[in-house]
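Enquirer: Handing over entry11.cif, mmCIF, C-alpha atoms and all ligand atoms.
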```
data_entry
loop_
_atom_site.label_atom_id
_atom_site.label_comp_id
_atom_site.auth_asym_id
_atom_site.auth_seq_id
_atom_site.Cartn_x
_atom_site.Cartn_y
_atom_site.Cartn_z
CA MET D 1 52.27 76.56 29.72
CA VAL D 2 54.25 79.59 30.84
CA THR D 3 53.69 79.20 34.57
CA ARG D 4 54.06 75.43 34.82
CA GLN D 5 56.61 74.66 32.15
CA ILE D 6 58.71 77.78 31.99
CA ALA D 7 58.57 79.87 35.21
CA ASP D 8 58.56 76.77 37.43
CA ARG D 9 61.68 75.49 35.63
CA GLY D 10 63.63 78.61 36.52
CA VAL D 11 63.06 81.32 33.92
CA ARG D 12 62.63 84.43 36.07
CA ASP D 13 62.82 87.45 33.75
CA GLN D 14 59.34 88.96 33.90
CA ARG D 15 59.66 90.61 30.49
CA VAL D 16 60.53 87.26 28.94
CA LEU D 17 57.63 85.53 30.71
CA SER D 18 55.15 88.17 29.56
CA ALA D 19 56.45 87.94 25.97
CA MET D 20 55.96 84.15 26.15
CA ARG D 21 52.39 84.73 27.37
CA LYS D 22 51.68 87.13 24.53
CA VAL D 23 52.93 85.23 21.47
CA PRO D 24 50.28 82.84 20.04
CA ARG D 25 52.39 79.69 19.50
CA HIS D 26 49.53 77.96 17.68
CA GLU D 27 49.94 80.46 14.83
CA PHE D 28 53.41 79.06 14.17
CA VAL D 29 52.62 75.34 13.99
CA PRO D 30 50.94 73.44 11.14
CA ALA D 31 47.16 72.91 11.50
CA ALA D 32 47.63 69.20 12.26
CA GLU D 33 49.80 69.99 15.31
CA ARG D 34 47.78 72.93 16.60
CA ARG D 35 46.14 71.06 19.47
CA HIS D 36 49.64 70.38 20.85
CA ALA D 37 50.81 73.99 20.50
CA TYR D 38 50.90 74.69 24.26
CA ARG D 39 52.68 71.48 25.26
CA ASP D 40 56.29 71.99 26.27
CA THR D 41 57.70 69.99 23.35
CA PRO D 42 59.24 70.66 19.96
CA LEU D 43 56.79 70.03 17.07
CA PRO D 44 57.34 69.25 13.38
CA ILE D 45 56.96 72.25 11.04
CA GLY D 46 57.70 70.47 7.75
CA ASP D 47 60.90 69.81 5.77
CA GLY D 48 62.20 67.70 8.66
CA GLN D 49 62.50 70.79 10.87
CA THR D 50 60.94 71.62 14.24
CA ILE D 51 59.67 74.56 16.26
CA SER D 52 61.73 74.54 19.48
CA GLN D 53 60.40 73.54 22.88
CA PRO D 54 58.92 76.66 24.56
CA TYR D 55 61.13 76.28 27.65
CA ILE D 56 64.24 76.39 25.46
CA VAL D 57 62.93 79.44 23.59
CA ALA D 58 62.36 81.20 26.92
CA LEU D 59 65.75 80.12 28.31
CA MET D 60 67.66 81.31 25.23
CA THR D 61 65.74 84.59 25.25
CA GLU D 62 66.54 85.17 28.93
CA LEU D 63 70.22 84.31 28.40
CA ALA D 64 70.39 86.90 25.59
CA ARG D 65 69.35 89.64 28.09
CA PRO D 66 67.20 91.54 25.56
CA ASP D 67 66.91 95.32 25.86
CA PRO D 68 64.22 97.39 24.08
CA SER D 69 66.87 99.21 22.02
CA ASP D 70 68.61 96.01 20.84
CA ARG D 71 69.02 94.85 17.24
CA VAL D 72 69.05 91.06 17.01
CA LEU D 73 70.24 88.51 14.48
CA GLU D 74 68.63 85.06 14.59
CA ILE D 75 69.99 82.15 12.55
CA GLY D 76 67.38 79.45 11.86
CA THR D 77 63.98 81.19 11.55
CA GLY D 78 62.12 77.87 11.36
CA SER D 79 58.50 78.67 12.20
CA GLY D 80 59.23 82.28 13.21
CA TYR D 81 58.18 81.66 16.83
CA GLN D 82 61.51 82.55 18.49
CA ALA D 83 61.69 85.64 16.27
CA ALA D 84 58.22 86.69 17.47
CA VAL D 85 59.18 86.27 21.14
CA LEU D 86 62.29 88.40 20.54
CA ALA D 87 60.27 90.97 18.57
CA GLU D 88 58.18 91.59 21.71
CA LEU D 89 61.34 92.56 23.60
CA VAL D 90 63.74 94.35 21.25
CA GLN D 91 63.79 97.02 18.57
CA HIS D 92 64.35 94.83 15.51
CA VAL D 93 64.93 91.16 14.66
CA TYR D 94 66.78 90.09 11.51
CA THR D 95 66.32 86.38 10.93
CA ILE D 96 67.77 84.00 8.32
CA GLU D 97 66.35 80.62 7.27
CA ILE D 98 68.15 78.32 4.85
CA GLU D 99 64.97 76.58 3.65
CA PRO D 100 63.08 79.04 1.38
CA VAL D 101 59.66 77.42 1.96
CA LEU D 102 60.03 77.80 5.74
CA ALA D 103 61.30 81.37 5.40
CA GLN D 104 58.24 82.26 3.33
CA ARG D 105 55.84 80.55 5.75
CA ALA D 106 57.41 82.24 8.78
CA LYS D 107 57.22 85.63 7.08
CA GLN D 108 53.52 85.09 6.38
CA ALA D 109 52.80 84.10 9.99
CA LEU D 110 54.71 87.11 11.37
CA ASP D 111 52.93 89.48 8.93
CA ARG D 112 49.53 87.98 9.74
CA ILE D 113 49.97 88.51 13.48
CA GLY D 114 51.29 92.00 12.86
CA TYR D 115 55.00 91.94 13.71
CA ARG D 116 56.46 94.92 11.86
CA ASN D 117 59.92 94.73 13.45
CA VAL D 118 61.05 91.38 12.02
CA THR D 119 62.89 90.98 8.70
CA VAL D 120 63.08 87.43 7.31
CA ARG D 121 65.58 86.37 4.65
CA ALA D 122 66.15 83.01 2.96
CA GLY D 123 69.83 82.03 2.90
CA ASP D 124 72.73 80.40 4.72
CA GLY D 125 73.05 82.07 8.11
CA TYR D 126 76.67 80.93 8.58
CA ALA D 127 77.83 84.20 7.04
CA GLY D 128 75.46 86.30 9.17
CA TRP D 129 73.96 89.47 7.72
CA PRO D 130 76.83 91.97 7.28
CA GLU D 131 74.57 94.72 5.85
CA HIS D 132 72.79 95.06 9.22
CA ALA D 133 75.73 94.31 11.54
CA PRO D 134 76.79 94.82 14.25
CA PHE D 135 74.14 93.19 16.45
CA ASP D 136 73.56 93.46 20.20
CA ILE D 137 72.37 89.85 20.24
CA VAL D 138 72.97 86.85 17.99
CA ILE D 139 70.77 83.79 18.62
CA VAL D 140 71.52 80.61 16.72
CA THR D 141 68.71 78.03 16.78
CA ALA D 142 70.39 75.30 14.72
CA ALA D 143 73.56 73.62 15.97
CA PRO D 144 76.93 74.26 14.30
CA ASP D 145 79.94 72.10 15.20
CA HIS D 146 81.91 75.30 15.81
CA ILE D 147 80.85 78.91 16.34
CA PRO D 148 80.86 80.61 12.92
CA GLN D 149 83.53 83.36 12.91
CA PRO D 150 81.35 85.77 10.86
CA LEU D 151 78.77 85.70 13.67
CA ILE D 152 81.43 86.55 16.27
CA ASP D 153 82.66 89.38 14.03
CA GLN D 154 79.13 90.77 13.66
CA LEU D 155 78.50 90.89 17.42
CA LYS D 156 78.71 94.36 18.93
CA ALA D 157 81.16 95.09 21.76
CA GLY D 158 79.03 94.45 24.85
CA GLY D 159 76.89 91.97 22.88
CA ARG D 160 75.74 88.42 23.65
CA MET D 161 75.52 85.31 21.48
CA VAL D 162 73.47 82.26 22.47
CA VAL D 163 74.36 79.18 20.45
CA PRO D 164 74.11 75.38 20.74
CA VAL D 165 77.47 73.92 19.71
CA GLY D 166 78.29 70.28 19.10
CA PRO D 167 78.69 67.41 16.70
CA ILE D 168 75.85 66.47 14.34
CA ALA D 169 73.44 63.83 15.71
CA SER D 170 74.43 64.23 19.31
CA THR D 171 73.63 66.40 22.28
CA GLN D 172 75.06 69.90 22.03
CA GLN D 173 76.15 72.40 24.64
CA LEU D 174 74.17 75.61 24.88
CA ARG D 175 76.81 78.33 25.08
CA VAL D 176 76.63 82.02 25.90
CA LEU D 177 79.40 84.04 24.32
CA GLU D 178 80.00 87.63 25.39
CA LYS D 179 82.10 90.30 23.73
CA ASP D 180 83.34 92.90 26.22
CA THR D 181 83.77 96.60 25.45
CA THR D 182 87.38 96.01 24.39
CA GLY D 183 86.25 93.31 21.94
CA LYS D 184 87.53 90.38 24.02
CA VAL D 185 85.34 87.26 23.74
CA SER D 186 84.52 84.84 26.56
CA SER D 187 82.08 81.98 26.65
CA SER D 188 80.36 79.69 29.12
CA VAL D 189 78.39 76.47 28.88
CA VAL D 190 74.83 76.63 30.21
CA ALA D 191 73.05 73.35 29.52
CA PRO D 192 72.94 70.28 27.30
CA VAL D 193 70.42 70.76 24.45
CA ARG D 194 69.39 69.07 21.24
CA PHE D 195 68.93 71.10 18.05
CA VAL D 196 68.83 70.22 14.36
CA PRO D 197 72.25 70.74 12.74
CA LEU D 198 73.23 74.04 11.16
CA ARG D 199 73.40 73.09 7.49
CA ARG D 200 75.58 74.73 4.87
CA ASN D 201 74.27 75.63 1.43
CA SER D 202 76.74 73.15 -0.06
CA ASP D 203 75.20 70.24 1.99
N1 LIG D 301 63.88 79.18 15.79
C1 LIG D 301 62.95 78.24 15.18
C2 LIG D 301 63.36 76.79 15.32
C3 LIG D 301 64.56 76.51 14.55
S1 LIG D 301 64.76 74.88 13.93
C4 LIG D 301 61.55 78.45 15.69
O1 LIG D 301 61.33 79.29 16.56
O2 LIG D 301 60.65 77.80 15.17
C5 LIG D 301 66.26 75.22 13.05
C6 LIG D 301 66.07 75.90 11.72
O3 LIG D 301 67.37 76.27 11.25
C7 LIG D 301 65.47 75.00 10.66
O4 LIG D 301 64.33 75.59 10.11
C8 LIG D 301 66.58 74.87 9.62
O5 LIG D 301 66.10 74.80 8.28
C9 LIG D 301 67.38 76.15 9.85
N2 LIG D 301 68.77 76.13 9.41
C10 LIG D 301 69.63 75.10 9.40
N3 LIG D 301 70.83 75.49 8.92
C11 LIG D 301 70.73 76.82 8.65
C12 LIG D 301 71.64 77.81 8.15
N4 LIG D 301 72.90 77.52 7.80
N5 LIG D 301 71.18 79.08 8.01
C13 LIG D 301 69.91 79.41 8.31
N6 LIG D 301 69.01 78.51 8.80
C14 LIG D 301 69.42 77.24 8.97
#
```
Write out the structure in this file as structure tokens.
Ligand code: SAH

Expert:
Amino acid sequence: MVTRQIADRGVRDQRVLSAMRKVPRHEFVPAAERRHAYRDTPLPIGDGQTISQPYIVALMTELARPDPSDRVLEIGTGSGYQAAVLAELVQHVYTIEIEPVLAQRAKQALDRIGYRNVTVRAGDGYAGWPEHAPFDIVIVTAAPDHIPQPLIDQLKAGGRMVVPVGPIASTQQLRVLEKDTTGKVSSSVVAPVRFVPLRRNSD
């Protein structure tokens, strides 16, 4: 999967590729989908949600430019797979999932495999996680129609945010937002992507 579907499509960062080789994706998908775990497609994980396509996980991880000393915030834990890939590469991952059942399941999978540097919380990620801010990296794996201001505020100077932005039920733009050392924010569009919408607790 990693060589043919990820490296051959342009992901070059060797640390990212070796993290992708290490994380057992089948541990993050329901038993009924396990035989498809190493196909390069999203798969259902229950509650109408999906585990992202491995290529997209690798691409977003590479775009975040992870460093071993980084502290990361992920919004949209889902299965926990993206969190596990990040956990191979950074110091600590804080991840928020709005659906309590999924948060619990992801926590169990991460504990079972032995990731000690991931903290999972059930809640609305729109507001980020101020108690642990600021973060070197913010990765959003559900699509908001605008970039949540609390997430920009909780990004460290010199930090990177990777986020799919766009209207519900349409293709979104994968954006990389960078905050420079003076706190100025700039962003660029990388690729069209399709994520489930970022929901709000009031939805
Ligand atoms: N990163 C996941 C895939 C994410 S799918 C993985 O590796 O498997 C998107 C997830 O975002 C879904 O589980 C959905 O329930 C969650 N989500 C949607 N809106 C959210 C919000 N406001 N805060 C936190 N999680 C949210």

Enquirer: Select the residues contacting ligand LIG 301 (chain D) at a distance of at most 9 Å, based on only C-alpha atoms and all ligand atoms, then format the selection as a PDB file with C-alpha atoms, in the coordinates of the input.

Expert:
```
ATOM      1  CA  PHE D  28      53.410  79.060  14.170  1.00  0.00           C
ATOM      2  CA  VAL D  29      52.620  75.340  13.990  1.00  0.00           C
ATOM      3  CA  PRO D  42      59.240  70.660  19.960  1.00  0.00           C
ATOM      4  CA  LEU D  43      56.790  70.030  17.070  1.00  0.00           C
ATOM      5  CA  ILE D  45      56.960  72.250  11.040  1.00  0.00           C
ATOM      6  CA  GLY D  46      57.700  70.470   7.750  1.00  0.00           C
ATOM      7  CA  ASP D  47      60.900  69.810   5.770  1.00  0.00           C
ATOM      8  CA  GLY D  48      62.200  67.700   8.660  1.00  0.00           C
ATOM      9  CA  GLN D  49      62.500  70.790  10.870  1.00  0.00           C
ATOM     10  CA  THR D  50      60.940  71.620  14.240  1.00  0.00           C
ATOM     11  CA  ILE D  51      59.670  74.560  16.260  1.00  0.00           C
ATOM     12  CA  SER D  52      61.730  74.540  19.480  1.00  0.00           C
ATOM     13  CA  GLN D  53      60.400  73.540  22.880  1.00  0.00           C
ATOM     14  CA  PRO D  54      58.920  76.660  24.560  1.00  0.00           C
ATOM     15  CA  VAL D  57      62.930  79.440  23.590  1.00  0.00           C
ATOM     16  CA  GLU D  74      68.630  85.060  14.590  1.00  0.00           C
ATOM     17  CA  ILE D  75      69.990  82.150  12.550  1.00  0.00           C
ATOM     18  CA  GLY D  76      67.380  79.450  11.860  1.00  0.00           C
ATOM     19  CA  THR D  77      63.980  81.190  11.550  1.00  0.00           C
ATOM     20  CA  GLY D  78      62.120  77.870  11.360  1.00  0.00           C
ATOM     21  CA  SER D  79      58.500  78.670  12.200  1.00  0.00           C
ATOM     22  CA  GLY D  80      59.230  82.280  13.210  1.00  0.00           C
ATOM     23  CA  TYR D  81      58.180  81.660  16.830  1.00  0.00           C
ATOM     24  CA  GLN D  82      61.510  82.550  18.490  1.00  0.00           C
ATOM     25  CA  ALA D  83      61.690  85.640  16.270  1.00  0.00           C
ATOM     26  CA  ALA D  84      58.220  86.690  17.470  1.00  0.00           C
ATOM     27  CA  VAL D  85      59.180  86.270  21.140  1.00  0.00           C
ATOM     28  CA  THR D  95      66.320  86.380  10.930  1.00  0.00           C
ATOM     29  CA  ILE D  96      67.770  84.000   8.320  1.00  0.00           C
ATOM     30  CA  GLU D  97      66.350  80.620   7.270  1.00  0.00           C
ATOM     31  CA  ILE D  98      68.150  78.320   4.850  1.00  0.00           C
ATOM     32  CA  GLU D  99      64.970  76.580   3.650  1.00  0.00           C
ATOM     33  CA  PRO D 100      63.080  79.040   1.380  1.00  0.00           C
ATOM     34  CA  LEU D 102      60.030  77.800   5.740  1.00  0.00           C
ATOM     35  CA  ALA D 103      61.300  81.370   5.400  1.00  0.00           C
ATOM     36  CA  ALA D 106      57.410  82.240   8.780  1.00  0.00           C
ATOM     37  CA  ARG D 121      65.580  86.370   4.650  1.00  0.00           C
ATOM     38  CA  ALA D 122      66.150  83.010   2.960  1.00  0.00           C
ATOM     39  CA  GLY D 123      69.830  82.030   2.900  1.00  0.00           C
ATOM     40  CA  ASP D 124      72.730  80.400   4.720  1.00  0.00           C
ATOM     41  CA  GLY D 125      73.050  82.070   8.110  1.00  0.00           C
ATOM     42  CA  TYR D 126      76.670  80.930   8.580  1.00  0.00           C
ATOM     43  CA  ALA D 127      77.830  84.200   7.040  1.00  0.00           C
ATOM     44  CA  GLY D 128      75.460  86.300   9.170  1.00  0.00           C
ATOM     45  CA  ILE D 139      70.770  83.790  18.620  1.00  0.00           C
ATOM     46  CA  VAL D 140      71.520  80.610  16.720  1.00  0.00           C
ATOM     47  CA  THR D 141      68.710  78.030  16.780  1.00  0.00           C
ATOM     48  CA  ALA D 142      70.390  75.300  14.720  1.00  0.00           C
ATOM     49  CA  ALA D 143      73.560  73.620  15.970  1.00  0.00           C
ATOM     50  CA  PRO D 144      76.930  74.260  14.300  1.00  0.00           C
ATOM     51  CA  PHE D 195      68.930  71.100  18.050  1.00  0.00           C
ATOM     52  CA  VAL D 196      68.830  70.220  14.360  1.00  0.00           C
ATOM     53  CA  PRO D 197      72.250  70.740  12.740  1.00  0.00           C
ATOM     54  CA  LEU D 198      73.230  74.040  11.160  1.00  0.00           C
ATOM     55  CA  ARG D 199      73.400  73.090   7.490  1.00  0.00           C
ATOM     56  CA  ARG D 200      75.580  74.730   4.870  1.00  0.00           C
ATOM     57  CA  ASN D 201      74.270  75.630   1.430  1.00  0.00           C
TER      58      ASN D 201
END
```

Enquirer: Taking all atoms listed in the file into account, name the residue in D:His132, D:Asp180, D:Glu88, D:His26 that is nearest to Gly114 of chain D.

Expert: D:Glu88

Enquirer: Could you please determine the separation between atom CA of Met161 of chain D and atom CA of Pro30 of chain D in Å, to one decimal place?

Expert: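 One can read the atom CA of Met161 of chain D to atom CA of Pro30 of chain D distance as 29.2 Å.
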
Enquirer: Extract, using only C-alpha atoms, all DNA, RNA and protein residues at most 9 Å from segment 11-20 of chain D, discarding same-chain residues fewer than 5 positions from it, and format them as a CSV table (one decimal) with C-alpha atoms, in the coordinates of the input.

Expert:
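Final output, saved to selection_37.csv:
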```csv
chain,number,residue,atom,x,y,z
D,2,VAL,CA,54.2,79.6,30.8
D,3,THR,CA,53.7,79.2,34.6
D,6,ILE,CA,58.7,77.8,32.0
D,25,ARG,CA,52.4,79.7,19.5
D,54,PRO,CA,58.9,76.7,24.6
D,55,TYR,CA,61.1,76.3,27.6
D,57,VAL,CA,62.9,79.4,23.6
D,58,ALA,CA,62.4,81.2,26.9
D,59,LEU,CA,65.8,80.1,28.3
D,61,THR,CA,65.7,84.6,25.2
D,62,GLU,CA,66.5,85.2,28.9
D,65,ARG,CA,69.4,89.6,28.1
D,66,PRO,CA,67.2,91.5,25.6
D,84,ALA,CA,58.2,86.7,17.5
D,85,VAL,CA,59.2,86.3,21.1
D,86,LEU,CA,62.3,88.4,20.5
D,87,ALA,CA,60.3,91.0,18.6
D,88,GLU,CA,58.2,91.6,21.7
D,89,LEU,CA,61.3,92.6,23.6
```

Enquirer: Which value, in Å to one decimal, gives the distance between atom CA of Val176 of chain D and atom CA of Gln154 of chain D?

Expert: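 Computed distance, atom CA of Val176 of chain D to atom CA of Gln154 of chain D, equals 15.3 Å.
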